[in-house]
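Q: Dropping a structure here in structure tokens format, bear with me for questions.
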Amino acid sequence: MSYMKTTFGYLKEHFVRMFAFCVIPAVVLGLVSSPVSLVKLLFSEQLDSSVSFSEVFLTGTDINRPYKIGVMILAFLLYAVFAAACVGSVQHKMRYGHFYKLNAHNFFKLVNSNFLPVAKGMLALMVLLEVLGLVTTLFVFFWSKVVAVKAATIVLCTITVILFVGLFLFCVSMLVLTVPNMTMRGFGLFKSVRLSWTTSVNKYKKILPAVTLPVVIAYVPLVVVNAFDINVLTQIMDILFYLFAFMYYHVLMYVIFCDLEDVEVADIDENNYWG
């Protein structure tokens with residue numbers, strides 16, 4: 001819980017700056033992609049023996065409209081730019097106790113220094129998400145074809161989705177140090193992934209709750225609102241979810257890194273945060 005306490009305390013102190021870095025990619029992504037697409041599919045009329053694999057896959061991955069692919073690519077590029085500036089700003093503040101002055105020169109300086117590590121880390125996460133999403137979709141499609149009773153199909157599909165979401169969150173927890181390994185140690189992607197896993201797996205009892213609990217808690221109202229399928233409200237909730245996730249995890253990864261790697265931190269004192 002100490003990682004969560006420190007991260008939320010950090011966000012409380014520097015909310016405006018973190019909001020400014022994360023709001024644009026969150027808005028763009030939230031307009032075309034919902035974190036609960038596959039969950040909504042479970043309770044739709046599509047989930048029966050007549051459903052095709054393409055219908056399940058396209059609905060579950062939120063690319064059921066051609067224009068969404070282009071917007072998602074734009075969202076990824078915007079994320080990589082703003083997240084590069086965000087993590088550069090956070091790590092500088094933690095190491096030296098002050099932020100860069102927020103102007104165009106320093107913004108692009110931070111982007112230039114951190115764009116490739118952030119983009120590589122995000123791509124690795126997206127590949128993991130798509131692989132697990134594909135496997136989940138295959139199971140959902142399989143249950144919808146072989147189970148005659150729709151209620152039983154929904155139960156089996158729900159269990160499948162929960163298991164694979166849990167697996168994804170565990171993997172994210174073990175890979176949380178990937179970007180800090182690249183930005184602060186200068187390692188390549190594969191070495192950073194390997195080091196993140198070997199370091200984090202021995203501390204999973206501390207890391208797993210900090211990574212999973214906030215997103216699970218935030219996910220519950222998101223599911224409830226999306227269940228009513230009110231277009232404007234659901235999009236607002238999707239944007240808020242992405243905004244929260246971006247703000248929280250960009251700080252959390254460096255809080256965990258500095259603790260596990262014994263990096264001296266200039267501006268974090270747990271007694272100053274809700275202490």
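Here, A, B, ... name the chains of the structure tokens in the order displayed, residue numbers run from 1 inside each chain, and ligands are numbered from 1 in the same displayed order.
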List as a ChimeraX atom specification the protein and nucleic acid residues near segment 72-74 of chain A, meaning an atom at most 9 Å away when only C-alpha atoms are counted, but skip any in the same chain fewer than 3 places from it.
A: /A:25,28-29,32-33,63,67-69,77-79
Q: Could the residues in this selection be written to a file with N, CA and C atoms, as an mmCIF file, in the first residue's frame?
A:
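Output (result_9.cif):
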```
data_model
loop_
_atom_site.group_PDB
_atom_site.id
_atom_site.type_symbol
_atom_site.label_atom_id
_atom_site.label_comp_id
_atom_site.auth_asym_id
_atom_site.auth_seq_id
_atom_site.Cartn_x
_atom_site.Cartn_y
_atom_site.Cartn_z
ATOM 1 N N PRO A 25 -3.941 12.806 -24.951
ATOM 2 C CA PRO A 25 -4.039 11.408 -25.419
ATOM 3 C C PRO A 25 -5.221 10.661 -24.811
ATOM 4 N N VAL A 28 -8.381 11.671 -26.919
ATOM 5 C CA VAL A 28 -8.381 11.072 -28.255
ATOM 6 C C VAL A 28 -8.657 9.575 -28.175
ATOM 7 N N LEU A 29 -7.990 8.889 -27.258
ATOM 8 C CA LEU A 29 -8.192 7.444 -27.131
ATOM 9 C C LEU A 29 -9.595 7.122 -26.626
ATOM 10 N N VAL A 32 -12.530 6.860 -29.234
ATOM 11 C CA VAL A 32 -12.634 5.759 -30.205
ATOM 12 C C VAL A 32 -12.491 4.381 -29.579
ATOM 13 N N SER A 33 -12.067 4.318 -28.327
ATOM 14 C CA SER A 33 -11.819 3.020 -27.713
ATOM 15 C C SER A 33 -12.335 3.000 -26.284
ATOM 16 N N ILE A 63 -12.199 -2.015 -33.019
ATOM 17 C CA ILE A 63 -11.818 -1.540 -34.348
ATOM 18 C C ILE A 63 -12.900 -1.927 -35.360
ATOM 19 N N TYR A 67 -12.277 4.006 -39.655
ATOM 20 C CA TYR A 67 -11.606 5.239 -39.227
ATOM 21 C C TYR A 67 -10.929 5.092 -37.868
ATOM 22 N N LYS A 68 -11.391 4.127 -37.063
ATOM 23 C CA LYS A 68 -10.841 3.983 -35.713
ATOM 24 C C LYS A 68 -9.371 3.575 -35.730
ATOM 25 N N ILE A 69 -8.962 2.844 -36.749
ATOM 26 C CA ILE A 69 -7.560 2.428 -36.832
ATOM 27 C C ILE A 69 -6.668 3.660 -36.950
ATOM 28 N N LEU A 77 0.564 7.964 -31.121
ATOM 29 C CA LEU A 77 1.630 8.949 -31.324
ATOM 30 C C LEU A 77 1.513 10.094 -30.314
ATOM 31 N N LEU A 78 0.283 10.558 -30.089
ATOM 32 C CA LEU A 78 0.080 11.606 -29.092
ATOM 33 C C LEU A 78 0.481 11.122 -27.706
ATOM 34 N N TYR A 79 0.097 9.881 -27.405
ATOM 35 C CA TYR A 79 0.479 9.323 -26.107
ATOM 36 C C TYR A 79 1.998 9.284 -25.965
#
```
Q: Atom CA of Ala20 of chain A and atom CA of Val232 of chain A are how many Å apart?
A: 22.4 Å
Q: Please compute the atom CA of Asn231 of chain A-atom CA of Val71 of chain A distance, one decimal, in Å.
A: 18.4 Å
Q: Run DSSP on the backbone of this structure and report the residues of segment 22-241 of chain A it assigns to helix (DSSP H, G or I), as a VMD selection string.
A: chain A and resid 22 to 32 37 to 42 53 to 61 66 to 96 104 to 146 150 to 174 178 to 185 189 to 201 204 to 227 231 to 241
Q: Tell me, in Å to one decimal, how far atom CA of Leu175 of chain A is from atom CA of Val193 of chain A.
A: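 According to the coordinates, atom CA of Leu175 of chain A and atom CA of Val193 of chain A are separated by 6.2 Å.
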